>>> print(open('entry_17.cif').read())   # mmCIF, C-alpha atoms
data_entry
loop_
_atom_site.label_atom_id
_atom_site.label_comp_id
_atom_site.auth_asym_id
_atom_site.auth_seq_id
_atom_site.Cartn_x
_atom_site.Cartn_y
_atom_site.Cartn_z
CA MET H 1284 103.83 146.94 137.66
CA THR H 1285 100.71 146.89 139.82
CA ILE H 1286 97.22 146.58 138.37
CA THR H 1287 94.11 147.94 140.07
CA THR H 1288 92.29 145.74 142.53
CA GLU H 1289 89.59 143.51 141.07
CA THR H 1290 86.59 142.50 143.17
CA ASP H 1291 84.20 139.73 142.18
CA ASN H 1292 82.30 139.15 145.45
CA ARG H 1293 84.68 136.31 146.36
CA ILE H 1294 88.14 137.83 146.28
CA SER H 1295 89.74 141.25 146.30
CA VAL H 1296 93.45 141.04 145.50
CA VAL H 1297 95.82 143.30 143.64
CA TRP H 1298 97.02 141.88 140.33
CA GLN H 1299 100.69 142.18 139.36
CA ASP H 1300 101.83 142.32 135.73
CA LEU H 1301 104.41 139.85 134.40
CA GLU H 1302 104.82 142.15 131.40
CA VAL H 1303 104.91 139.39 128.79
CA ALA H 1304 103.14 139.74 125.45
CA PRO H 1305 100.73 137.06 124.16
CA ALA H 1306 103.20 136.34 121.36
CA GLU H 1307 105.59 135.11 124.07
CA LEU H 1308 103.08 133.40 126.36
CA ARG H 1309 99.51 132.18 126.11
CA LEU H 1310 98.27 130.37 129.20
CA ASP H 1311 95.87 128.39 127.03
CA PRO H 1312 97.24 126.14 125.54
CA THR H 1313 100.59 126.23 127.42
CA LEU H 1314 99.01 125.04 130.69
CA ILE H 1315 96.77 122.36 129.12
CA CYS H 1316 98.79 120.86 126.28
CA GLY H 1317 100.08 117.89 128.26
CA GLN H 1318 103.03 119.48 130.07
CA ALA H 1319 101.42 120.31 133.39
CA PHE H 1320 98.50 118.77 135.21
CA ARG H 1321 97.57 120.88 138.25
CA TRP H 1322 96.47 124.26 136.92
CA LYS H 1323 92.70 124.72 137.21
CA CYS H 1324 90.63 127.03 135.05
CA THR H 1325 88.87 129.06 137.77
CA GLY H 1326 87.46 131.98 135.81
CA PRO H 1327 87.48 133.70 132.41
CA ASN H 1328 91.09 133.37 131.23
CA GLU H 1329 92.18 132.59 134.81
CA TRP H 1330 94.24 129.60 135.96
CA THR H 1331 95.02 128.66 139.55
CA CYS H 1332 97.53 126.29 141.17
CA ALA H 1333 99.19 125.68 144.55
CA ILE H 1334 102.86 126.24 143.73
CA PHE H 1335 105.87 127.79 145.50
CA GLY H 1336 103.91 127.63 148.76
CA HIS H 1337 101.26 129.98 147.32
CA VAL H 1338 97.95 129.53 145.61
CA VAL H 1339 98.85 131.41 142.45
CA ASP H 1340 96.30 132.96 140.12
CA LEU H 1341 97.35 133.71 136.53
CA LYS H 1342 95.19 135.75 134.17
CA GLN H 1343 95.59 136.22 130.41
CA THR H 1344 94.77 139.67 129.07
CA SER H 1345 94.94 141.03 125.55
CA THR H 1346 98.37 142.52 126.25
CA SER H 1347 100.01 140.51 129.05
CA VAL H 1348 99.71 137.94 131.84
CA LEU H 1349 98.83 138.99 135.38
CA PHE H 1350 99.45 137.14 138.64
CA ARG H 1351 98.40 137.29 142.29
CA SER H 1352 98.61 135.14 145.41
CA LEU H 1353 95.28 134.04 146.88
CA GLY H 1354 96.85 132.42 149.94
CA ARG H 1355 100.12 130.90 151.13
CA LEU H 1356 101.75 128.52 153.56
CA PRO H 1357 103.22 130.09 156.72
CA THR H 1358 106.71 129.26 155.42
CA ALA H 1359 106.21 130.99 152.04
CA SER H 1360 107.51 134.49 151.37
CA GLU H 1361 105.04 137.37 151.43
CA SER H 1362 107.04 139.23 148.79
CA ASP H 1363 105.37 139.77 145.41
CA ASP H 1364 108.80 140.40 143.93
CA GLU H 1365 110.03 136.95 145.01
CA LEU H 1366 106.91 135.30 143.62
CA ARG H 1367 107.40 137.22 140.36
CA LEU H 1368 110.97 135.84 140.06
CA LEU H 1369 109.75 132.29 140.69
CA LEU H 1370 107.04 132.62 138.05
CA CYS H 1371 109.42 134.14 135.49
CA ASP H 1372 111.74 131.19 136.06
CA TYR H 1373 108.88 128.67 135.87
CA LEU H 1374 107.64 130.21 132.61
CA GLN H 1375 111.23 130.64 131.34
CA LEU H 1376 110.53 134.21 130.32
CA HIS H 1377 114.25 134.89 129.77
CA ILE H 1378 113.92 132.89 126.52
CA SER H 1379 112.41 134.73 123.57
CA LEU H 1380 109.98 132.42 121.81
CA GLN H 1381 109.71 134.81 118.88
CA ALA H 1382 113.49 134.78 118.36
CA LEU H 1383 113.44 130.98 118.40
CA CYS H 1384 110.67 130.88 115.81
CA GLU H 1385 112.68 133.20 113.56
CA GLN H 1386 115.57 130.73 113.70
CA TRP H 1387 113.33 127.72 113.02
CA ILE H 1388 111.70 129.46 110.03
CA LYS H 1389 115.15 129.71 108.42
CA VAL H 1390 115.32 125.88 108.49
CA ASP H 1391 111.65 125.18 107.77
CA PRO H 1392 109.73 128.10 106.18
CA GLU H 1393 106.46 126.31 107.01
CA PHE H 1394 107.21 127.07 110.65
CA LYS H 1395 105.99 130.61 109.92
CA LYS H 1396 102.40 129.37 109.85
CA LEU H 1397 103.00 127.21 112.93
CA ALA H 1398 104.41 130.21 114.81
CA GLN H 1399 101.13 132.00 114.13
CA THR H 1400 98.67 129.20 114.90
CA GLN H 1401 100.55 128.07 118.02
CA ILE H 1402 101.63 131.51 119.17
CA GLY H 1403 102.78 131.76 122.79
CA VAL H 1404 103.18 128.01 123.47
CA ARG H 1405 106.14 127.75 125.83
CA ILE H 1406 108.02 124.94 127.57
CA LEU H 1407 107.65 125.17 131.34
CA ARG H 1408 110.46 124.63 133.87
CA GLN H 1409 108.71 122.41 136.37
CA PRO H 1410 109.56 120.91 139.79
CA ILE H 1411 111.59 117.79 139.13
CA VAL H 1412 109.83 115.33 141.44
CA GLU H 1413 106.38 116.48 140.34
CA ASN H 1414 107.33 116.20 136.68
CA LEU H 1415 108.85 112.76 137.23
CA PHE H 1416 105.84 111.40 139.11
CA THR H 1417 103.39 112.90 136.63
CA PHE H 1418 104.95 111.44 133.51
CA ILE H 1419 105.32 107.99 135.04
CA ALA H 1420 101.53 108.15 135.35
CA SER H 1421 101.12 109.36 131.75
CA SER H 1422 101.77 106.05 129.96
CA ASN H 1423 98.50 104.59 128.65
CA ASN H 1424 96.63 107.55 130.12
CA ASN H 1425 94.93 110.78 129.10
CA ILE H 1426 94.99 114.29 130.55
CA ARG H 1427 91.78 113.92 132.52
CA ARG H 1428 92.87 110.72 134.26
CA ILE H 1429 96.43 111.98 134.86
CA THR H 1430 94.96 115.13 136.42
CA MET H 1431 92.66 113.06 138.63
CA LEU H 1432 95.52 110.86 139.84
CA VAL H 1433 97.82 113.81 140.56
CA ASP H 1434 95.01 115.57 142.45
CA LYS H 1435 94.52 112.48 144.60
CA LEU H 1436 98.25 112.28 145.31
CA CYS H 1437 98.35 115.94 146.36
CA GLY H 1438 95.22 115.56 148.47
CA LYS H 1439 96.80 112.61 150.29
CA TYR H 1440 100.32 113.88 150.89
CA GLY H 1441 100.35 117.62 150.05
CA GLN H 1442 99.69 120.67 152.19
CA LYS H 1443 96.27 122.31 152.07
CA ILE H 1444 95.84 126.04 151.43
CA GLU H 1445 92.37 127.52 151.85
CA THR H 1446 91.35 130.42 149.60
CA GLU H 1447 88.17 132.18 148.62
CA LYS H 1448 88.30 130.14 145.41
CA GLY H 1449 88.37 126.93 147.44
CA ALA H 1450 91.04 124.61 148.84
CA PHE H 1451 94.22 123.80 146.91
CA PHE H 1452 96.94 121.28 147.73
CA THR H 1453 100.67 121.58 147.11
CA PHE H 1454 102.59 118.80 145.41
CA PRO H 1455 104.31 116.82 148.21
CA SER H 1456 108.05 116.51 148.60
CA ILE H 1457 109.75 113.10 148.66
CA GLN H 1458 110.23 113.51 152.41
CA MET H 1459 106.50 114.08 152.93
CA ILE H 1460 105.61 110.94 150.96
CA ALA H 1461 108.30 108.93 152.74
CA ARG H 1462 106.55 109.44 156.08
CA ASP H 1463 104.04 106.87 154.87
CA SER H 1464 105.35 103.39 155.70
CA ALA H 1465 103.05 101.83 153.09
CA VAL H 1466 103.58 104.03 150.02
CA GLU H 1467 102.92 101.26 147.50
CA GLN H 1468 99.63 100.25 149.10
CA THR H 1469 98.51 103.87 149.41
CA MET H 1470 99.30 104.57 145.77
CA LYS H 1471 97.32 101.51 144.71
CA GLU H 1472 94.37 102.77 146.73
CA LEU H 1473 94.67 106.15 144.99
CA GLY H 1474 94.34 104.41 141.62
CA PHE H 1475 97.92 104.24 140.33
CA GLY H 1476 97.71 100.48 139.78
CA TYR H 1477 100.93 98.67 138.84
CA ARG H 1478 102.80 102.02 138.87
CA ALA H 1479 102.43 102.12 142.67
CA ARG H 1480 105.48 99.89 142.95
CA TYR H 1481 107.51 102.30 140.83
CA TYR H 1482 106.66 105.24 143.09
CA ALA H 1483 107.46 103.29 146.25
CA LYS H 1484 110.87 102.34 144.86
CA ILE H 1485 111.62 105.88 143.71
CA VAL H 1486 110.74 107.31 147.13
CA GLU H 1487 112.93 104.70 148.82
CA ARG H 1488 115.80 105.45 146.43
CA LEU H 1489 115.64 109.26 146.60
CA VAL H 1490 115.44 109.30 150.39
CA GLN H 1491 118.80 107.50 150.41
CA LEU H 1492 120.41 110.04 148.08
CA ASP H 1493 121.51 113.62 148.67
CA ASP H 1494 118.66 116.16 148.62
CA THR H 1495 120.28 117.86 145.64
CA TYR H 1496 120.75 114.68 143.58
CA LEU H 1497 118.03 115.44 141.01
CA GLU H 1498 118.81 119.15 140.76
CA ASN H 1499 122.48 118.36 140.16
CA LEU H 1500 121.45 116.56 136.97
CA ARG H 1501 120.84 120.02 135.51
CA HIS H 1502 124.61 120.38 135.33
CA ALA H 1503 125.20 116.95 133.74
CA SER H 1504 125.21 116.19 130.02
CA VAL H 1505 121.99 115.05 128.37
CA GLU H 1506 123.35 111.50 128.07
CA VAL H 1507 124.45 111.26 131.71
CA ALA H 1508 121.25 112.81 133.05
CA ARG H 1509 119.11 110.49 130.90
CA GLU H 1510 121.02 107.43 132.11
CA GLU H 1511 120.64 108.48 135.75
CA LEU H 1512 116.91 109.02 135.36
CA MET H 1513 116.45 105.66 133.64
CA ASN H 1514 118.08 103.99 136.64
CA LEU H 1515 114.95 104.98 138.59
CA SER H 1516 112.09 102.51 138.72
CA GLY H 1517 109.46 102.99 136.01
CA VAL H 1518 111.47 105.49 133.97
CA GLY H 1519 111.96 104.70 130.29
CA PRO H 1520 113.21 106.91 127.41
CA LYS H 1521 109.99 108.91 126.99
CA VAL H 1522 109.61 109.76 130.69
CA ALA H 1523 113.32 110.57 130.97
CA ASP H 1524 113.15 112.94 128.00
CA CYS H 1525 110.10 114.72 129.42
CA VAL H 1526 111.96 115.33 132.69
CA LEU H 1527 115.12 116.40 130.84
CA LEU H 1528 113.21 118.96 128.76
CA MET H 1529 110.68 120.25 131.29
CA SER H 1530 112.73 120.20 134.49
CA LEU H 1531 116.44 119.75 133.86
CA ASP H 1532 117.17 122.54 131.37
CA LYS H 1533 117.95 120.19 128.47
CA ALA H 1534 116.37 122.27 125.70
CA ASP H 1535 117.50 119.77 123.06
CA ALA H 1536 115.71 116.82 124.69
CA VAL H 1537 112.87 115.69 122.41
CA PRO H 1538 110.21 113.37 123.88
CA VAL H 1539 108.82 111.30 121.02
CA ASP H 1540 105.33 109.80 121.11
CA THR H 1541 103.15 108.75 118.20
CA HIS H 1542 102.22 112.39 117.54
CA ILE H 1543 105.84 113.43 117.04
CA TRP H 1544 106.52 110.23 115.11
CA GLN H 1545 103.68 111.15 112.74
CA VAL H 1546 104.86 114.77 112.50
CA ALA H 1547 108.37 113.62 111.56
CA GLN H 1548 106.97 111.29 108.92
CA LYS H 1549 104.38 113.63 107.39
CA ARG H 1550 106.12 116.96 107.76
CA TYR H 1551 109.76 116.14 107.11
CA VAL H 1552 110.52 112.67 105.76
CA GLY H 1553 108.63 113.20 102.51
CA ARG H 1554 110.16 116.61 101.86
CA LEU H 1555 113.70 115.51 102.74
CA THR H 1556 113.60 112.33 100.63
CA GLY H 1557 111.45 113.62 97.78
CA SER H 1558 111.93 115.61 94.58
CA LYS H 1559 114.27 118.54 94.10
CA SER H 1560 111.36 120.96 94.49
CA GLU H 1561 110.44 119.36 97.82
CA LEU H 1562 114.06 119.53 98.97
CA ALA H 1563 114.18 123.18 97.93
CA SER H 1564 111.32 123.92 100.37
CA MET H 1565 113.74 123.36 103.26
CA PRO H 1566 116.93 125.47 103.04
CA LEU H 1567 119.06 123.20 105.23
CA PRO H 1568 122.35 124.46 106.68
CA SER H 1569 125.18 123.26 104.46
CA ASP H 1570 127.08 121.62 107.31
CA LYS H 1571 124.05 119.45 108.24
CA GLN H 1572 122.43 118.66 104.88
CA GLU H 1573 123.93 115.22 104.45
CA GLN H 1574 123.25 114.18 108.07
CA ILE H 1575 119.64 115.39 107.97
CA ARG H 1576 118.82 113.67 104.68
CA GLU H 1577 120.44 110.45 105.84
CA LEU H 1578 118.31 110.46 109.01
CA ALA H 1579 115.16 111.12 106.96
CA GLN H 1580 116.04 108.31 104.56
CA LYS H 1581 116.52 105.85 107.41
CA LEU H 1582 113.29 106.97 109.08
CA SER H 1583 111.35 106.51 105.83
CA ALA H 1584 111.99 102.76 106.08
CA PHE H 1585 109.82 102.51 109.21
CA LYS H 1586 106.09 102.20 108.63
CA SER H 1587 105.20 101.94 112.31
CA PRO H 1588 106.70 103.17 115.60
CA SER H 1589 109.58 101.22 117.13
CA THR H 1590 112.49 101.85 119.47
CA LYS H 1591 114.79 102.54 116.51
CA ALA H 1592 112.19 104.79 114.88
CA TYR H 1593 111.94 106.73 118.17
CA GLU H 1594 115.69 107.34 118.12
CA LEU H 1595 115.73 108.37 114.45
CA ALA H 1596 112.75 110.75 114.77
CA GLN H 1597 114.35 112.29 117.84
CA ALA H 1598 117.72 112.68 116.11
CA LEU H 1599 116.08 114.25 113.04
CA ILE H 1600 114.23 116.91 115.05
CA VAL H 1601 117.31 117.65 117.19
CA THR H 1602 119.51 118.03 114.10
CA LEU H 1603 116.96 120.31 112.43
CA PHE H 1604 116.17 122.59 115.37
CA SER H 1605 119.05 122.46 117.86
CA PRO H 1606 119.86 124.03 120.29
CA TYR H 1607 116.18 124.40 121.26
CA ALA H 1608 114.78 121.31 119.53
CA GLY H 1609 112.64 120.45 122.55
CA TRP H 1610 110.87 123.81 122.28
CA ALA H 1611 110.28 123.28 118.55
CA GLN H 1612 108.85 119.86 119.38
CA GLY H 1613 106.46 121.62 121.81
CA LEU H 1614 104.94 123.68 119.00
CA LEU H 1615 104.79 120.68 116.66
CA PHE H 1616 103.08 118.62 119.37
CA SER H 1617 100.62 121.39 120.23
CA ASP H 1618 99.76 121.87 116.56
CA ASP H 1619 99.08 118.15 116.17
CA LEU H 1620 96.77 118.31 119.18
CA VAL H 1621 95.04 121.54 118.18
CA ASP H 1622 91.61 119.90 117.93
CA SER H 1623 91.86 118.52 121.45
CA LEU H 1624 92.93 121.78 123.10
CA ASP H 1625 89.32 122.94 123.62
CA PRO H 1626 88.60 122.15 127.29
CA THR H 1627 84.88 121.75 126.46
CA ALA H 1628 85.47 119.11 123.81
CA ALA H 1629 84.98 115.52 124.91
CA LYS H 1630 87.60 113.28 123.33
CA PRO H 1631 87.81 109.50 123.45
CA ILE H 1632 90.49 107.99 125.64
CA THR H 1633 93.25 106.61 123.44
CA LYS H 1634 95.78 104.08 124.69
CA SER H 1635 99.45 103.90 123.83
CA ARG H 1636 100.89 101.85 120.99
CA PRO H 1637 103.52 99.26 121.89
CA ILE H 1638 106.92 99.82 120.35
CA SER H 1639 108.01 96.28 119.86
CA LYS H 1640 106.24 94.16 122.44
CA PRO H 1641 102.61 93.49 123.33
CA LYS H 1642 101.20 95.14 126.43
CA PRO H 1643 103.07 93.61 129.40
CA THR H 1644 101.31 91.13 131.62
CA PRO H 1645 101.40 91.71 135.38
CA ALA H 1646 104.31 89.27 135.60
CA LYS H 1647 106.29 91.24 133.05
CA ARG H 1648 105.71 94.61 134.66
CA LYS H 1649 108.79 94.04 136.75
CA ALA H 1650 110.72 95.27 133.74
CA GLU H 1651 109.97 98.83 134.85
CA GLU H 1652 108.38 101.16 132.32
CA PRO H 1653 107.05 99.37 129.21
CA GLN H 1654 109.05 100.34 126.12
CA THR H 1655 106.39 102.28 124.30
CA ILE H 1656 105.95 105.40 122.28
CA PRO H 1657 102.92 106.71 124.22
CA LYS H 1658 100.22 107.91 121.88
CA GLN H 1659 99.26 110.61 124.40
CA GLU H 1660 96.23 111.71 122.44
CA HIS H 1661 95.52 113.51 125.65
CA GLU H 1662 91.90 114.08 126.43
CA THR H 1663 91.94 117.75 127.31
CA ALA H 1664 90.69 118.21 130.84
CA ALA H 1665 88.21 120.85 131.82
CA GLU H 1666 90.47 121.18 134.85
CA PRO H 1667 94.09 121.68 133.67
CA THR H 1668 97.37 121.62 135.67
CA ALA H 1669 101.25 122.46 136.43
CA LYS H 1670 104.62 122.35 138.42
CA ARG H 1671 108.30 123.63 139.25
CA THR H 1672 111.07 124.41 141.89
CA GLY H 1673 114.43 126.09 142.26
CA LEU H 1674 115.83 129.14 140.52
CA ARG H 1675 118.76 128.72 138.15
CA PRO H 1676 121.55 131.13 137.22
CA ARG H 1677 120.60 133.35 134.29
CA PRO H 1678 122.13 131.96 131.10
CA ALA H 1679 124.62 134.00 129.09
CA SER H 1680 123.09 136.53 126.73
CA SER H 1681 122.32 135.22 123.25
CA VAL H 1682 119.96 135.80 120.35
CA PHE H 1683 117.39 133.75 122.28
CA THR H 1684 117.74 135.69 125.55
CA LYS H 1685 115.67 138.75 126.28
CA SER H 1686 117.18 141.52 128.37
CA GLY H 1687 115.42 143.09 131.31
CA LEU H 1688 113.83 139.92 132.73
#
>>> encode(input="entry_17.cif", output="structure tokens")
Amino acid sequence: MTITTETDNRISVVWQDLEVAPAELRLDPTLICGQAFRWKCTGPNEWTCAIFGHVVDLKQTSTSVLFRSLGRLPTASESDDELRLLLCDYLQLHISLQALCEQWIKVDPEFKKLAQTQIGVRILRQPIVENLFTFIASSNNNIRRITMLVDKLCGKYGQKIETEKGAFFTFPSIQMIARDSAVEQTMKELGFGYRARYYAKIVERLVQLDDTYLENLRHASVEVAREELMNLSGVGPKVADCVLLMSLDKADAVPVDTHIWQVAQKRYVGRLTGSKSELASMPLPSDKQEQIRELAQKLSAFKSPSTKAYELAQALIVTLFSPYAGWAQGLLFSDDLVDSLDPTAAKPITKSRPISKPKPTPAKRKAEEPQTIPKQEHETAAEPTAKRTGLRPRPASSVFTKSGL
């Protein structure tokens, strides 16, 4: 569907309609809730990013989301239909968020309120390398600083696309970064600090592997894919789970930081280990009742985050909300961050909490990613962000799959 041309003295481009209702997608907060870090707010309800070889403009309206290309690389397709397919895949529009919420409400009736306050918050399907590099930078960081670092990385290694809204840079491929013979030194100069060594090692490793190595992990089990990712320098459980959920189609992967730890404790542990009336507030499926209550009981013994607590909180949320537990976690996380989702609000930078060890000294940083549950009380940036590559086969039809997309 084509929308009439809009002119604002800078640009005159025809908008195309993605035909997705606000109940299924809201750009704010989806693009600024700590998933993606390259989308820029460039106008009223407009977000812009260099992705798929285009500078893509997205615009939220009262009834849908519109898109247009402001410029492209010579190698990118001129077809609006191809760009539409890429965006639908990136936004995972084949999955009905409303149908998912209806399923979650059956387990936790309080999800009805959450589905209203966090309406349209989706999980993105992002480019694997970009997602990996971004979340390695996320430990002990906030949205504004992560955005700044990613922008510097793109400015150094990415491809520039000029538009009437300004210049935008693509996220570089591994091959583009590998042309630099001093990746570690460059990354240090860009501000990545001790993580520079992780990136240099990852680039060296991935150049040696098949080009499809990371994409092939989409076809592996969650356990195998997680293990492979954690073999990469600087990748611990939290980073691996972010990549699994937001790039590798593992909808049951649940990244756990202190926000999700607190949500599990406050929202579920008390109700699942409390009085009969509290238990009655959650109509658990009969085949999972014992397992869920046992997990909650074990989690109640932990008064602070730890590696074991991470695993228990993750298992509890997966058992409650599978097979799309990662999507449920997205709404829970967004709800916990609701006060920080206003791009105009200045929030203090909050560091991560160690899981079981003090903050590593430079000598100990050889142990790859510190074992932490990152607090990620992301300072919402006035300049948001994003990522993605590669179409996947359409999944089999189910209650969660919408027809016609």
>>> axis_aligned_box(input="entry_17.cif", around="stretch 1384-1396 of chain H", padding_each_side="5 Å", output="JSON")
{"center_x": 109.0, "center_y": 129.2, "center_z": 111.0, "size_x": 23.2, "size_y": 18.0, "size_z": 19.6}
>>> atom_distance(input="entry_17.cif", atom1="atom CA of H:Phe1416", atom2="atom CA of H:Val1433")
8.5 Å
>>> residues_near_point(input="entry_17.cif", point="(117.6, 127.2, 111.1)", cutoff="12 Å", atoms="only C-alpha atoms", output="PyMOL selection string")
chain H and resi 1382-1394+1565-1572+1600-1608+1611
>>> atom_distance(input="entry_17.cif", atom1="atom CA of H:Leu1397", atom2="atom CA of H:Arg1550")
11.9 Å
>>> resolve_selection(input="entry_17.cif", expression="the PyMOL selection byres ((chain H and resi 1459) around 12)", output="list of chain:residue names")
H:Leu1436, H:Cys1437, H:Lys1439, H:Tyr1440, H:Gly1441, H:Gln1442, H:Thr1453, H:Phe1454, H:Pro1455, H:Ser1456, H:Ile1457, H:Gln1458, H:Ile1460, H:Ala1461, H:Arg1462, H:Asp1463, H:Ser1464, H:Val1466, H:Val1486, H:Val1490
>>> resolve_selection(input="entry_17.cif", expression="the PyMOL selection byres ((chain H and resi 1477-1480) around 9)", output="PyMOL selection string")
chain H and resi 1419-1420+1466-1471+1474-1476+1481-1485+1516-1517+1645+1648+1651-1652
>>> write_last_selection(input="entry_17.cif", atoms="C-alpha atoms", output="compact mmCIF listing (two decimals), in the frame of the given file")
# COMPACT_ATOMS: atom_id res chain seq x y z
CA ILE H 1419 105.32 107.99 135.04
CA ALA H 1420 101.53 108.15 135.35
CA VAL H 1466 103.58 104.03 150.02
CA GLU H 1467 102.92 101.26 147.50
CA GLN H 1468 99.63 100.25 149.10
CA THR H 1469 98.51 103.87 149.41
CA MET H 1470 99.30 104.57 145.77
CA LYS H 1471 97.32 101.51 144.71
CA GLY H 1474 94.34 104.41 141.62
CA PHE H 1475 97.92 104.24 140.33
CA GLY H 1476 97.71 100.48 139.78
CA TYR H 1481 107.51 102.30 140.83
CA TYR H 1482 106.66 105.24 143.09
CA ALA H 1483 107.46 103.29 146.25
CA LYS H 1484 110.87 102.34 144.86
CA ILE H 1485 111.62 105.88 143.71
CA SER H 1516 112.09 102.51 138.72
CA GLY H 1517 109.46 102.99 136.01
CA PRO H 1645 101.40 91.71 135.38
CA ARG H 1648 105.71 94.61 134.66
CA GLU H 1651 109.97 98.83 134.85
CA GLU H 1652 108.38 101.16 132.32
>>> closest_residue(input="entry_17.cif", among="H:Pro1588, H:Gly1449, H:Gly1609, H:Pro1410", to="H:Leu1353", atoms="only C-alpha atoms")
H:Gly1449
>>> closest_residue(input="entry_17.cif", among="H:Val1303, H:Ile1444, H:Leu1370, H:Cys1324", to="H:Arg1355", atoms="only C-alpha atoms")
H:Ile1444
>>> atom_distance(input="entry_17.cif", atom1="atom CA of H:Leu1366", atom2="atom CA of H:Glu1307")
19.6 Å
>>> closest_residue(input="entry_17.cif", among="H:Ala1579, H:Arg1367, H:Ala1359, H:Glu1573", to="H:Gly1557", atoms="only C-alpha atoms")
H:Ala1579
>>> closest_residue(input="entry_17.cif", among="H:Thr1590, H:Gln1409, H:Gln1491, H:Thr1417", to="H:Met1431", atoms="all atoms listed in the file")
H:Thr1417
>>> resolve_selection(input="entry_17.cif", expression="the PyMOL selection byres ((chain H and resi 1531-1533) around 12)", output="PyMOL selection string")
chain H and resi 1372-1373+1375+1378+1406-1412+1414-1415+1496-1509+1512+1523-1530+1534-1538+1601+1605-1610+1671-1678
>>> residues_around(input="entry_17.cif", residues="stretch 1330-1340 of chain H", least_positions_apart="3", cutoff="7 Å", atoms="all atoms listed in the file", output="list in words")
Arg1321, Trp1322, Lys1323, Cys1324, Thr1325, Phe1350, Arg1351, Ser1352, Leu1353, Gly1354, Arg1355, Leu1356, Ala1359, Phe1451, Phe1452, Thr1453 and Lys1670 of chain H
>>> write_last_selection(input="entry_17.cif", atoms="C-alpha atoms", output="PDB file, keeping the file's coordinate frame")
ATOM      1  CA  ARG H1321      97.570 120.880 138.250  1.00  0.00           C
ATOM      2  CA  TRP H1322      96.470 124.260 136.920  1.00  0.00           C
ATOM      3  CA  LYS H1323      92.700 124.720 137.210  1.00  0.00           C
ATOM      4  CA  CYS H1324      90.630 127.030 135.050  1.00  0.00           C
ATOM      5  CA  THR H1325      88.870 129.060 137.770  1.00  0.00           C
ATOM      6  CA  PHE H1350      99.450 137.140 138.640  1.00  0.00           C
ATOM      7  CA  ARG H1351      98.400 137.290 142.290  1.00  0.00           C
ATOM      8  CA  SER H1352      98.610 135.140 145.410  1.00  0.00           C
ATOM      9  CA  LEU H1353      95.280 134.040 146.880  1.00  0.00           C
ATOM     10  CA  GLY H1354      96.850 132.420 149.940  1.00  0.00           C
ATOM     11  CA  ARG H1355     100.120 130.900 151.130  1.00  0.00           C
ATOM     12  CA  LEU H1356     101.750 128.520 153.560  1.00  0.00           C
ATOM     13  CA  ALA H1359     106.210 130.990 152.040  1.00  0.00           C
ATOM     14  CA  PHE H1451      94.220 123.800 146.910  1.00  0.00           C
ATOM     15  CA  PHE H1452      96.940 121.280 147.730  1.00  0.00           C
ATOM     16  CA  THR H1453     100.670 121.580 147.110  1.00  0.00           C
ATOM     17  CA  LYS H1670     104.620 122.350 138.420  1.00  0.00           C
TER      18      LYS H1670
END
>>> residues_near_point(input="entry_17.cif", point="(112.0, 114.3, 101.2)", cutoff="12 Å", atoms="only C-alpha atoms", output="list of chain:residue names")
H:Ala1547, H:Gln1548, H:Lys1549, H:Arg1550, H:Tyr1551, H:Val1552, H:Gly1553, H:Arg1554, H:Leu1555, H:Thr1556, H:Gly1557, H:Ser1558, H:Lys1559, H:Ser1560, H:Glu1561, H:Leu1562, H:Ala1563, H:Ser1564, H:Met1565, H:Gln1572, H:Ile1575, H:Arg1576, H:Glu1577, H:Leu1578, H:Ala1579, H:Gln1580, H:Lys1581, H:Leu1582, H:Ser1583
